[in-house]
$ cat data-v2.cif   # mmCIF, C-alpha atoms
data_input
#
loop_
_atom_site.label_atom_id
_atom_site.label_comp_id
_atom_site.auth_asym_id
_atom_site.auth_seq_id
_atom_site.Cartn_x
_atom_site.Cartn_y
_atom_site.Cartn_z
CA MET G 1 154.11 76.89 79.82
CA ASP G 2 150.94 77.65 81.78
CA GLN G 3 151.23 81.35 80.97
CA ILE G 4 151.65 80.55 77.27
CA ALA G 5 148.63 78.27 77.36
CA ARG G 6 146.53 80.98 78.97
CA THR G 7 147.36 83.68 76.40
CA LEU G 8 144.59 84.41 73.91
CA ASP G 9 145.18 82.98 70.45
CA PRO G 10 145.41 86.04 68.16
CA ALA G 11 143.45 84.18 65.48
CA LYS G 12 140.37 84.10 67.70
CA PHE G 13 137.57 86.66 67.80
CA ARG G 14 138.51 88.30 64.50
CA ASP G 15 135.74 87.35 62.06
CA PRO G 16 132.19 88.23 63.15
CA LEU G 17 130.77 85.29 61.19
CA ALA G 18 133.29 82.50 61.75
CA THR G 19 135.61 81.25 64.48
CA ALA G 20 139.34 80.68 64.03
CA SER G 21 138.58 77.05 63.22
CA GLY G 22 136.08 78.02 60.52
CA GLU G 23 132.90 77.15 62.40
CA ALA G 24 129.84 79.41 62.34
CA ARG G 25 130.07 81.96 65.14
CA ALA G 26 127.10 82.26 67.47
CA SER G 27 125.05 85.44 67.47
CA VAL G 28 122.24 86.73 69.65
CA ALA G 29 119.12 88.51 68.40
CA LEU G 30 117.47 91.23 70.47
CA ARG G 31 114.44 89.43 71.85
CA ALA G 32 113.13 92.55 73.58
CA LEU G 33 114.81 95.64 75.02
CA GLU G 34 113.98 94.97 78.65
CA THR G 35 116.95 96.84 80.16
CA LEU G 36 118.71 99.97 78.95
CA TRP G 37 121.99 100.87 80.58
CA PHE G 38 123.62 104.29 80.67
CA ASN G 39 127.33 104.57 81.32
CA THR G 40 127.37 107.91 83.09
CA GLY G 41 131.12 108.34 82.47
CA THR G 42 134.30 106.39 83.22
CA LEU G 43 135.60 108.75 85.90
CA CYS G 44 135.71 107.04 89.29
CA ASN G 45 137.00 107.81 92.77
CA LEU G 46 138.91 104.50 92.77
CA THR G 47 141.45 102.75 90.57
CA CYS G 48 140.69 99.05 90.99
CA ARG G 49 143.24 96.38 90.17
CA ASN G 50 141.15 94.60 87.53
CA CYS G 51 138.45 97.00 86.37
CA TYR G 52 137.13 95.76 83.03
CA ILE G 53 136.43 99.33 81.92
CA GLU G 54 139.64 100.81 83.41
CA SER G 55 137.76 103.44 85.42
CA SER G 56 139.87 105.80 87.50
CA PRO G 57 140.04 109.44 88.66
CA ARG G 58 141.76 110.23 85.32
CA ASN G 59 139.99 108.06 82.74
CA ASP G 60 137.39 110.14 80.92
CA ARG G 61 137.34 108.17 77.66
CA LEU G 62 133.60 107.99 78.26
CA VAL G 63 132.48 111.45 79.32
CA TYR G 64 129.59 112.42 81.56
CA LEU G 65 126.16 111.94 80.00
CA THR G 66 123.71 114.80 80.52
CA ALA G 67 120.15 114.52 81.75
CA SER G 68 118.81 115.70 78.39
CA GLU G 69 120.76 112.98 76.58
CA VAL G 70 119.28 110.36 78.87
CA GLU G 71 115.79 111.81 78.45
CA ALA G 72 116.08 111.56 74.66
CA TYR G 73 116.40 107.78 74.96
CA LEU G 74 113.56 107.63 77.47
CA ASP G 75 111.47 109.54 74.92
CA GLU G 76 112.36 106.95 72.27
CA ILE G 77 111.26 104.15 74.61
CA ALA G 78 107.93 105.88 75.18
CA ARG G 79 107.40 106.87 71.54
CA ASP G 80 108.12 103.40 70.15
CA ARG G 81 106.37 101.65 73.05
CA LEU G 82 109.41 99.53 73.78
CA PRO G 83 109.03 96.91 76.53
CA THR G 84 111.82 98.45 78.62
CA ARG G 85 111.16 98.33 82.36
CA LEU G 86 114.60 98.75 83.93
CA ILE G 87 117.07 101.60 83.41
CA GLY G 88 120.55 100.86 84.75
CA PHE G 89 123.31 103.36 85.55
CA THR G 90 126.92 102.26 85.61
CA GLY G 91 130.34 103.89 85.26
CA GLY G 92 132.89 104.70 86.52
CA GLU G 93 131.09 105.83 89.62
CA PRO G 94 127.60 107.07 88.64
CA PHE G 95 127.25 109.28 91.71
CA MET G 96 130.17 111.40 90.46
CA ASN G 97 128.09 112.55 87.48
CA PRO G 98 126.57 115.93 88.43
CA ALA G 99 123.30 115.04 86.67
CA ILE G 100 122.72 111.64 88.29
CA ILE G 101 119.84 112.75 90.53
CA ALA G 102 118.11 114.48 87.61
CA MET G 103 118.58 111.33 85.54
CA LEU G 104 117.08 109.14 88.26
CA GLN G 105 114.17 111.54 88.66
CA ALA G 106 113.53 111.41 84.90
CA VAL G 107 113.50 107.60 84.94
CA LEU G 108 111.42 107.10 88.06
CA SER G 109 108.87 109.82 87.23
CA ARG G 110 108.04 107.94 84.02
CA GLY G 111 107.16 104.78 85.91
CA LEU G 112 110.34 102.93 85.02
CA ASP G 113 112.56 101.13 87.54
CA ALA G 114 116.11 102.34 88.16
CA LEU G 115 119.25 100.46 89.16
CA VAL G 116 122.50 102.20 90.11
CA LEU G 117 125.85 100.40 90.40
CA THR G 118 128.07 102.12 92.96
CA ASN G 119 130.96 101.66 95.35
CA ALA G 120 128.83 103.50 97.99
CA MET G 121 131.72 105.69 99.05
CA LYS G 122 132.16 109.50 99.19
CA PRO G 123 130.27 110.39 95.97
CA LEU G 124 127.16 108.64 97.32
CA ARG G 125 127.62 110.13 100.77
CA LYS G 126 127.42 113.65 99.34
CA LEU G 127 124.03 112.88 97.77
CA ARG G 128 122.37 111.17 100.73
CA PRO G 129 119.62 113.84 101.17
CA ASP G 130 118.70 113.61 97.46
CA LEU G 131 118.66 109.83 97.60
CA LEU G 132 116.44 109.85 100.68
CA SER G 133 114.01 112.08 98.79
CA LEU G 134 113.92 109.66 95.85
CA ARG G 135 113.47 106.74 98.22
CA GLN G 136 110.53 108.49 99.90
CA ARG G 137 108.82 109.19 96.58
CA TYR G 138 109.55 106.02 94.64
CA GLY G 139 110.29 103.30 97.19
CA ASP G 140 111.62 100.00 95.90
CA ARG G 141 111.54 101.11 92.27
CA LEU G 142 115.05 102.41 92.97
CA THR G 143 117.67 99.73 93.58
CA ILE G 144 121.25 100.47 94.63
CA ARG G 145 123.75 97.71 93.87
CA VAL G 146 126.90 98.08 95.94
CA SER G 147 130.22 96.62 94.84
CA ILE G 148 131.77 94.63 97.69
CA ASP G 149 134.38 92.50 95.97
CA HIS G 150 134.87 90.08 98.86
CA TYR G 151 133.49 89.56 102.35
CA ASP G 152 137.01 89.78 103.81
CA PRO G 153 138.26 93.38 104.16
CA ALA G 154 141.82 92.49 103.14
CA MET G 155 140.68 90.73 99.98
CA HIS G 156 138.32 93.59 99.09
CA GLU G 157 141.14 96.11 99.48
CA GLN G 158 143.47 93.92 97.45
CA GLU G 159 141.20 94.72 94.51
CA ARG G 160 140.03 98.26 95.40
CA GLY G 161 142.94 99.75 97.28
CA ARG G 162 143.82 100.71 100.83
CA ARG G 163 141.14 102.32 102.99
CA SER G 164 138.36 101.32 100.58
CA TRP G 165 136.62 98.80 102.85
CA ALA G 166 135.35 100.94 105.72
CA PRO G 167 133.66 103.67 103.64
CA ALA G 168 132.07 101.11 101.31
CA LEU G 169 130.68 99.12 104.22
CA ASP G 170 129.49 102.34 105.86
CA GLY G 171 127.63 103.26 102.68
CA LEU G 172 126.04 99.82 102.45
CA ILE G 173 124.94 99.98 106.09
CA TRP G 174 123.50 103.47 105.61
CA LEU G 175 121.46 102.30 102.63
CA ALA G 176 120.19 99.31 104.58
CA ARG G 177 119.27 101.35 107.65
CA ASN G 178 117.34 103.83 105.52
CA GLY G 179 115.18 101.27 103.79
CA PHE G 180 116.68 101.29 100.30
CA ARG G 181 116.34 98.25 98.13
CA ILE G 182 119.94 97.08 97.93
CA ASP G 183 121.85 94.35 96.17
CA VAL G 184 125.55 93.53 96.40
CA ALA G 185 127.95 92.64 93.60
CA GLY G 186 130.94 90.48 94.51
CA ARG G 187 133.60 88.83 92.41
CA ARG G 188 134.93 85.32 91.97
CA PHE G 189 138.66 86.04 91.93
CA THR G 190 139.92 84.01 94.89
CA GLY G 191 139.35 80.48 93.65
CA GLU G 192 136.75 79.77 96.35
CA THR G 193 133.64 77.84 95.54
CA GLU G 194 130.45 79.82 95.04
CA ALA G 195 128.99 78.16 98.14
CA SER G 196 131.96 79.30 100.23
CA LEU G 197 131.70 82.86 98.92
CA ARG G 198 128.00 83.04 99.61
CA GLN G 199 128.49 81.71 103.12
CA GLY G 200 131.16 84.32 103.77
CA PHE G 201 128.90 87.12 102.57
CA ALA G 202 126.01 85.70 104.59
CA ALA G 203 128.13 85.98 107.75
CA LEU G 204 129.07 89.56 106.88
CA PHE G 205 125.45 90.56 106.27
CA ALA G 206 124.33 88.90 109.50
CA ALA G 207 127.05 90.61 111.53
CA GLN G 208 126.02 94.02 110.18
CA ASP G 209 122.26 93.34 110.33
CA ILE G 210 121.90 93.82 106.57
CA ALA G 211 118.79 92.13 105.19
CA ILE G 212 120.26 90.58 102.05
CA ASP G 213 119.86 86.89 101.29
CA ALA G 214 123.38 85.90 100.24
CA HIS G 215 122.03 82.77 98.57
CA ASP G 216 119.77 84.74 96.23
CA PRO G 217 121.70 85.11 92.93
CA VAL G 218 120.10 88.51 92.26
CA ARG G 219 120.52 90.03 95.72
CA LEU G 220 124.16 88.88 95.75
CA MET G 221 125.64 88.70 92.27
CA LEU G 222 129.02 87.00 92.01
CA PHE G 223 130.68 87.98 88.76
CA PRO G 224 133.42 85.99 87.02
CA GLU G 225 136.74 87.69 86.38
CA MET G 226 137.24 89.20 82.94
CA GLU G 227 140.74 89.09 81.49
CA PRO G 228 140.79 90.09 77.81
CA ASP G 229 144.12 88.36 77.16
CA ARG G 230 143.19 85.03 78.77
CA ASP G 231 142.49 82.23 76.32
CA VAL G 232 138.82 81.22 76.20
CA PRO G 233 136.85 79.14 73.70
CA GLU G 234 134.96 80.84 70.92
CA ILE G 235 131.21 80.34 70.97
CA THR G 236 129.87 78.56 67.88
CA THR G 237 126.28 77.93 66.87
CA GLY G 238 126.78 74.34 68.04
CA CYS G 239 127.66 75.45 71.56
CA TRP G 240 124.04 76.22 72.46
CA SER G 241 123.05 72.55 72.47
CA ILE G 242 126.37 71.39 73.93
CA LEU G 243 126.12 73.85 76.84
CA ARG G 244 122.33 73.44 77.11
CA LYS G 245 121.88 77.16 76.79
CA ALA G 246 119.96 79.39 74.42
CA PRO G 247 120.69 82.80 72.88
CA ASP G 248 117.88 84.24 75.01
CA ASP G 249 119.96 83.40 78.11
CA VAL G 250 122.62 85.94 77.13
CA MET G 251 122.49 89.57 78.31
CA CYS G 252 122.49 91.13 74.84
CA SER G 253 119.20 89.41 74.00
CA ALA G 254 117.43 91.91 76.27
CA ALA G 255 119.77 94.85 76.95
CA ARG G 256 121.82 97.63 75.37
CA MET G 257 124.09 100.38 76.78
CA VAL G 258 124.41 104.07 75.92
CA VAL G 259 127.80 105.81 76.16
CA LYS G 260 129.29 109.11 75.04
CA ARG G 261 132.88 109.03 73.87
CA ARG G 262 135.23 111.89 74.62
CA GLY G 263 135.04 114.39 71.76
CA ALA G 264 131.90 112.85 70.23
CA ALA G 265 128.95 115.00 69.22
CA SER G 266 126.36 112.58 70.59
CA PRO G 267 125.99 109.33 72.52
CA VAL G 268 125.96 105.93 70.84
CA VAL G 269 124.32 102.62 71.68
CA LEU G 270 126.50 99.58 72.37
CA ALA G 271 125.69 95.88 72.44
CA CYS G 272 126.20 95.53 76.19
CA THR G 273 127.80 96.92 79.33
CA LEU G 274 131.08 95.03 78.94
CA LEU G 275 132.41 96.24 75.60
CA ALA G 276 132.62 99.98 76.00
CA TYR G 277 135.73 100.56 73.88
CA ASP G 278 135.42 98.03 71.05
CA PRO G 279 134.05 99.85 67.95
CA ARG G 280 132.77 96.56 66.52
CA PHE G 281 129.99 96.64 69.10
CA GLU G 282 128.84 100.19 68.38
CA MET G 283 125.33 99.95 66.94
CA GLY G 284 124.23 103.50 66.06
CA THR G 285 122.83 106.49 67.89
CA THR G 286 119.27 105.28 68.43
CA LEU G 287 117.66 102.27 70.07
CA ALA G 288 115.98 101.43 66.76
CA GLU G 289 119.37 101.20 65.05
CA ALA G 290 120.63 98.96 67.85
CA ALA G 291 117.82 96.41 67.52
CA VAL G 292 119.97 94.03 65.45
CA PRO G 293 121.72 90.74 66.29
CA VAL G 294 125.04 90.77 68.15
CA SER G 295 127.87 88.54 67.00
CA LEU G 296 129.60 86.93 70.00
CA ASN G 297 132.97 88.08 68.75
CA HIS G 298 134.78 89.05 71.95
CA PRO G 299 136.44 87.05 74.77
CA PHE G 300 134.04 88.61 77.32
CA CYS G 301 131.08 87.12 75.40
CA ALA G 302 132.48 83.72 76.29
CA SER G 303 134.08 84.23 79.71
CA PHE G 304 131.40 86.42 81.29
CA CYS G 305 128.10 85.73 79.58
CA VAL G 306 128.00 82.28 77.99
CA LEU G 307 130.49 80.24 80.03
CA GLY G 308 130.42 82.47 83.11
CA GLY G 309 126.63 82.59 83.15
CA ALA G 310 126.61 86.19 84.34
CA SER G 311 124.44 89.18 83.52
CA CYS G 312 124.58 92.76 84.71
CA SER G 313 120.81 92.98 84.42
CA ARG G 314 118.36 91.33 86.75
#

$ encode --input "data-v2.cif" --output "structure tokens"
Amino acid sequence: MDQIARTLDPAKFRDPLATASGEARASVALRALETLWFNTGTLCNLTCRNCYIESSPRNDRLVYLTASEVEAYLDEIARDRLPTRLIGFTGGEPFMNPAIIAMLQAVLSRGLDALVLTNAMKPLRKLRPDLLSLRQRYGDRLTIRVSIDHYDPAMHEQERGRRSWAPALDGLIWLARNGFRIDVAGRRFTGETEASLRQGFAALFAAQDIAIDAHDPVRLMLFPEMEPDRDVPEITTGCWSILRKAPDDVMCSAARMVVKRRGAASPVVLACTLLAYDPRFEMGTTLAEAAVPVSLNHPFCASFCVLGGASCSR
């Protein structure tokens, strides 16, 4: 019975304007494009147990972006004087993209900040000299966010596979020892309280002499689990006052993501980092075309952003 209760009602998240019960669905206007994300491609050196984007060594549904494609969007930001300050790179594993260093150079040389999400394993290791050069030139304007799913090695490897803990920790330690601005992204999949998780990470950081405040929600982000088939409430316009939240609290009020689909002639702009494969959230090929409201018409809108209170951006 519990499994049946947890299965998503197929009537939900179908109409962009109304919920299954006929109430007005919530939407979020783009307040300002503060963060632009680039999915550098879904290929990854790992196959994690519950990867929301299904990244793996074989998944190339989102192909590698090129430096020139990234620069075209940076040009649009400059030309239209958009208020964008942070450029994020996600994947897959961004350091597998052959153009990642050129992309970072393009971002940082324009005075923008860069954030890279990584598992800090072999792909990063191969680029350590290039990263040291960027660190020397641009300092803390480059942030590396390392995915450490849990402070316990066995729990981390339960999600990321055997022999994934030691190289990830080695990468995190190397970044710390070399003065990079680093954050960590963990996950709330064990049923522990947030306080317990943060205390566990604090002990790990202390043991490894890593200067991250585990109680800072930016330096250690703890993301809720995303299960597309799990039943979650739909978000109505009335939920804002009930939950004491506002549309501006949600990630898509200040961010968009660029992807390039396999076989496509050009990249497209999506509503956010979480909905890479849903065509309903494809918003055109330019940032101008994507500056329209987003209907919260997906389970992740509820479970991750509104009810989970999470955001990929800082």

$ residues_around --input "data-v2.cif" --residues "region 224-228 of chain G" --least-positions-apart "6" --cutoff "8 Å" --atoms "only C-alpha atoms" --output "MDAnalysis selection string"
chainID G and resid 8 52 187:189 299:300 303:304 308 310

$ residues_around --input "data-v2.cif" --residues "region 23-33 of chain G" --least-positions-apart "4" --cutoff "8 Å" --atoms "only C-alpha atoms" --output "JSON, numbers by chain"
{"G": [16, 17, 18, 19, 82, 83, 84, 234, 235, 236, 237, 238, 239, 247, 248, 250, 252, 253, 254, 255, 256, 291, 292, 293, 294, 295, 296, 297]}

$ write_last_selection --input "data-v2.cif" --atoms "C-alpha atoms" --output "short mmCIF file (atom, residue, chain, number, x, y, z; two decimals), keeping the file's coordinate frame"
data_model
loop_
_atom_site.label_atom_id
_atom_site.label_comp_id
_atom_site.auth_asym_id
_atom_site.auth_seq_id
_atom_site.Cartn_x
_atom_site.Cartn_y
_atom_site.Cartn_z
CA PRO G 16 132.19 88.23 63.15
CA LEU G 17 130.77 85.29 61.19
CA ALA G 18 133.29 82.50 61.75
CA THR G 19 135.61 81.25 64.48
CA LEU G 82 109.41 99.53 73.78
CA PRO G 83 109.03 96.91 76.53
CA THR G 84 111.82 98.45 78.62
CA GLU G 234 134.96 80.84 70.92
CA ILE G 235 131.21 80.34 70.97
CA THR G 236 129.87 78.56 67.88
CA THR G 237 126.28 77.93 66.87
CA GLY G 238 126.78 74.34 68.04
CA CYS G 239 127.66 75.45 71.56
CA PRO G 247 120.69 82.80 72.88
CA ASP G 248 117.88 84.24 75.01
CA VAL G 250 122.62 85.94 77.13
CA CYS G 252 122.49 91.13 74.84
CA SER G 253 119.20 89.41 74.00
CA ALA G 254 117.43 91.91 76.27
CA ALA G 255 119.77 94.85 76.95
CA ARG G 256 121.82 97.63 75.37
CA ALA G 291 117.82 96.41 67.52
CA VAL G 292 119.97 94.03 65.45
CA PRO G 293 121.72 90.74 66.29
CA VAL G 294 125.04 90.77 68.15
CA SER G 295 127.87 88.54 67.00
CA LEU G 296 129.60 86.93 70.00
CA ASN G 297 132.97 88.08 68.75
#

$ resolve_selection --input "data-v2.cif" --expression "the PyMOL selection byres ((chain G and resi 169-171) around 9)" --output "list of chain:residue names"
G:Asn119, G:Ala120, G:Met121, G:Lys122, G:Leu124, G:Arg125, G:Val146, G:Ile148, G:Ser164, G:Trp165, G:Ala166, G:Pro167, G:Ala168, G:Leu172, G:Ile173, G:Trp174, G:Leu175, G:Ala176

$ atom_distance --input "data-v2.cif" --atom1 "CA of Gly200 (chain G)" --atom2 "CA of Tyr151 (chain G)"
5.9 Å

$ closest_atom_pairs --input "data-v2.cif" --of "region 17-136 of chain G" --to "region 268-280 of chain G" --cutoff "9 Å" --atoms "only C-alpha atoms" --output "JSON lines"
{"residue": "G:Trp37", "atom": "CA", "partner": "G:Thr273", "partner_atom": "CA", "distance": 7.1}
{"residue": "G:Phe38", "atom": "CA", "partner": "G:Thr273", "partner_atom": "CA", "distance": 8.6}
{"residue": "G:Asn39", "atom": "CA", "partner": "G:Thr273", "partner_atom": "CA", "distance": 7.9}
{"residue": "G:Tyr52", "atom": "CA", "partner": "G:Leu274", "partner_atom": "CA", "distance": 7.3}
{"residue": "G:Ile53", "atom": "CA", "partner": "G:Ala276", "partner_atom": "CA", "distance": 7.1}
{"residue": "G:Arg61", "atom": "CA", "partner": "G:Tyr277", "partner_atom": "CA", "distance": 8.6}
{"residue": "G:Leu62", "atom": "CA", "partner": "G:Ala276", "partner_atom": "CA", "distance": 8.4}
{"residue": "G:Thr90", "atom": "CA", "partner": "G:Thr273", "partner_atom": "CA", "distance": 8.3}

$ closest_residue --input "data-v2.cif" --among "G:Leu43, G:Leu104, G:Cys48, G:Ala78" --to "Gly92 (chain G)" --atoms "only C-alpha atoms"
G:Leu43

$ residues_around --input "data-v2.cif" --residues "Asp149 (chain G)" --least-positions-apart "2" --cutoff "6 Å" --atoms "all atoms listed in the file" --output "PyMOL selection string"
chain G and resi 147+156+186-187

$ residues_around --input "data-v2.cif" --residues "region 56-58 of chain G" --least-positions-apart "3" --cutoff "6 Å" --atoms "only C-alpha atoms" --output "PyMOL selection string"
chain G and resi 43-47

$ atom_distance --input "data-v2.cif" --atom1 "CA of Ala185 (chain G)" --atom2 "CA of Arg162 (chain G)"
19.2 Å

$ resolve_selection --input "data-v2.cif" --expression "the PyMOL selection byres ((chain G and resi 95) around 6)" --output "ChimeraX atom specification"
/G:93-94,96-97,123-124

$ closest_residue --input "data-v2.cif" --among "G:Lys245, G:Arg128, G:Lys12, G:Arg85" --to "Asp229 (chain G)" --atoms "all atoms listed in the file"
G:Lys12

$ resolve_selection --input "data-v2.cif" --expression "the PyMOL selection byres ((chain G and resi 135) around 12)" --output "list in words"
Ile101, Leu104, Gln105, Leu108, Ala114, Arg128, Pro129, Asp130, Leu131, Leu132, Ser133, Leu134, Gln136, Arg137, Tyr138, Gly139, Asp140, Arg141, Leu142, Thr143, Ile144, Leu175, Ala176, Asn178, Gly179, Phe180, Arg181 and Ile182 of chain G

$ axis_aligned_box --input "data-v2.cif" --around "region 289-301 of chain G" --padding-each-side "4 Å" --output "JSON"
{"center_x": 127.1, "center_y": 94.1, "center_z": 71.2, "size_x": 26.6, "size_y": 22.3, "size_z": 20.3}

$ closest_residue --input "data-v2.cif" --among "G:Cys51, G:Ala264, G:Met251, G:Ala207" --to "Glu159 (chain G)" --atoms "all atoms listed in the file"
G:Cys51

$ build_atoms --input "data-v2.cif" --residues "region 227-236 of chain G" --atoms "all heavy atoms" --output "tab-separated table (two decimals), keeping the file's coordinate frame"
chain	number	residue	atom	x	y	z
G	227	GLU	N	139.37	88.79	81.89
G	227	GLU	CA	140.74	89.09	81.49
G	227	GLU	C	140.80	88.99	79.97
G	227	GLU	O	140.74	87.90	79.41
G	227	GLU	CB	141.70	88.08	82.13
G	227	GLU	CG	141.65	88.06	83.65
G	227	GLU	CD	142.40	86.88	84.22
G	227	GLU	OE1	143.64	86.92	84.17
G	227	GLU	OE2	141.76	85.92	84.69
G	228	PRO	N	140.88	90.11	79.27
G	228	PRO	CA	140.79	90.09	77.81
G	228	PRO	C	141.88	89.30	77.12
G	228	PRO	O	141.70	88.86	75.98
G	228	PRO	CB	140.85	91.58	77.43
G	228	PRO	CG	141.46	92.26	78.60
G	228	PRO	CD	141.04	91.48	79.80
G	229	ASP	N	143.02	89.09	77.79
G	229	ASP	CA	144.12	88.36	77.16
G	229	ASP	C	144.15	86.88	77.53
G	229	ASP	O	145.01	86.15	77.05
G	229	ASP	CB	145.46	89.00	77.55
G	229	ASP	CG	145.59	90.41	77.00
G	229	ASP	OD1	145.05	90.68	75.92
G	229	ASP	OD2	146.20	91.26	77.69
G	230	ARG	N	143.21	86.45	78.37
G	230	ARG	CA	143.19	85.03	78.77
G	230	ARG	C	142.49	84.21	77.69
G	230	ARG	O	141.47	84.61	77.17
G	230	ARG	CB	142.48	84.86	80.11
G	230	ARG	CG	142.45	83.41	80.59
G	230	ARG	CD	141.97	83.36	82.03
G	230	ARG	NE	140.62	83.86	82.19
G	230	ARG	CZ	139.52	83.11	82.07
G	230	ARG	NH1	139.62	81.82	81.77
G	230	ARG	NH2	138.33	83.64	82.27
G	231	ASP	N	143.05	83.06	77.38
G	231	ASP	CA	142.49	82.23	76.32
G	231	ASP	C	141.17	81.62	76.76
G	231	ASP	O	141.07	81.01	77.84
G	231	ASP	CB	143.47	81.12	75.93
G	231	ASP	CG	143.10	80.48	74.62
G	231	ASP	OD1	142.81	81.23	73.66
G	231	ASP	OD2	143.08	79.24	74.53
G	232	VAL	N	140.14	81.81	75.96
G	232	VAL	CA	138.82	81.22	76.20
G	232	VAL	C	138.30	80.66	74.89
G	232	VAL	O	138.71	81.11	73.80
G	232	VAL	CB	137.82	82.26	76.76
G	232	VAL	CG1	138.22	82.68	78.16
G	232	VAL	CG2	137.70	83.47	75.84
G	233	PRO	N	137.40	79.69	74.95
G	233	PRO	CA	136.85	79.14	73.70
G	233	PRO	C	135.96	80.15	72.99
G	233	PRO	O	135.32	80.99	73.63
G	233	PRO	CB	136.01	77.94	74.19
G	233	PRO	CG	136.41	77.69	75.60
G	233	PRO	CD	136.89	79.00	76.14
G	234	GLU	N	135.93	80.07	71.68
G	234	GLU	CA	134.96	80.84	70.92
G	234	GLU	C	133.62	80.12	70.95
G	234	GLU	O	133.55	78.90	71.05
G	234	GLU	CB	135.44	81.02	69.48
G	234	GLU	CG	136.71	81.85	69.39
G	234	GLU	CD	137.14	82.08	67.95
G	234	GLU	OE1	137.73	81.16	67.36
G	234	GLU	OE2	136.89	83.18	67.43
G	235	ILE	N	132.56	80.91	70.89
G	235	ILE	CA	131.21	80.34	70.97
G	235	ILE	C	130.67	80.15	69.56
G	235	ILE	O	130.50	81.12	68.81
G	235	ILE	CB	130.28	81.25	71.79
G	235	ILE	CG1	130.88	81.53	73.17
G	235	ILE	CG2	128.91	80.60	71.94
G	235	ILE	CD1	131.17	80.30	74.01
G	236	THR	N	130.42	78.89	69.20
G	236	THR	CA	129.87	78.56	67.88
G	236	THR	C	128.36	78.33	68.00
G	236	THR	O	127.81	78.23	69.10
G	236	THR	CB	130.52	77.29	67.32
G	236	THR	OG1	130.07	76.15	68.10
G	236	THR	CG2	132.05	77.37	67.41
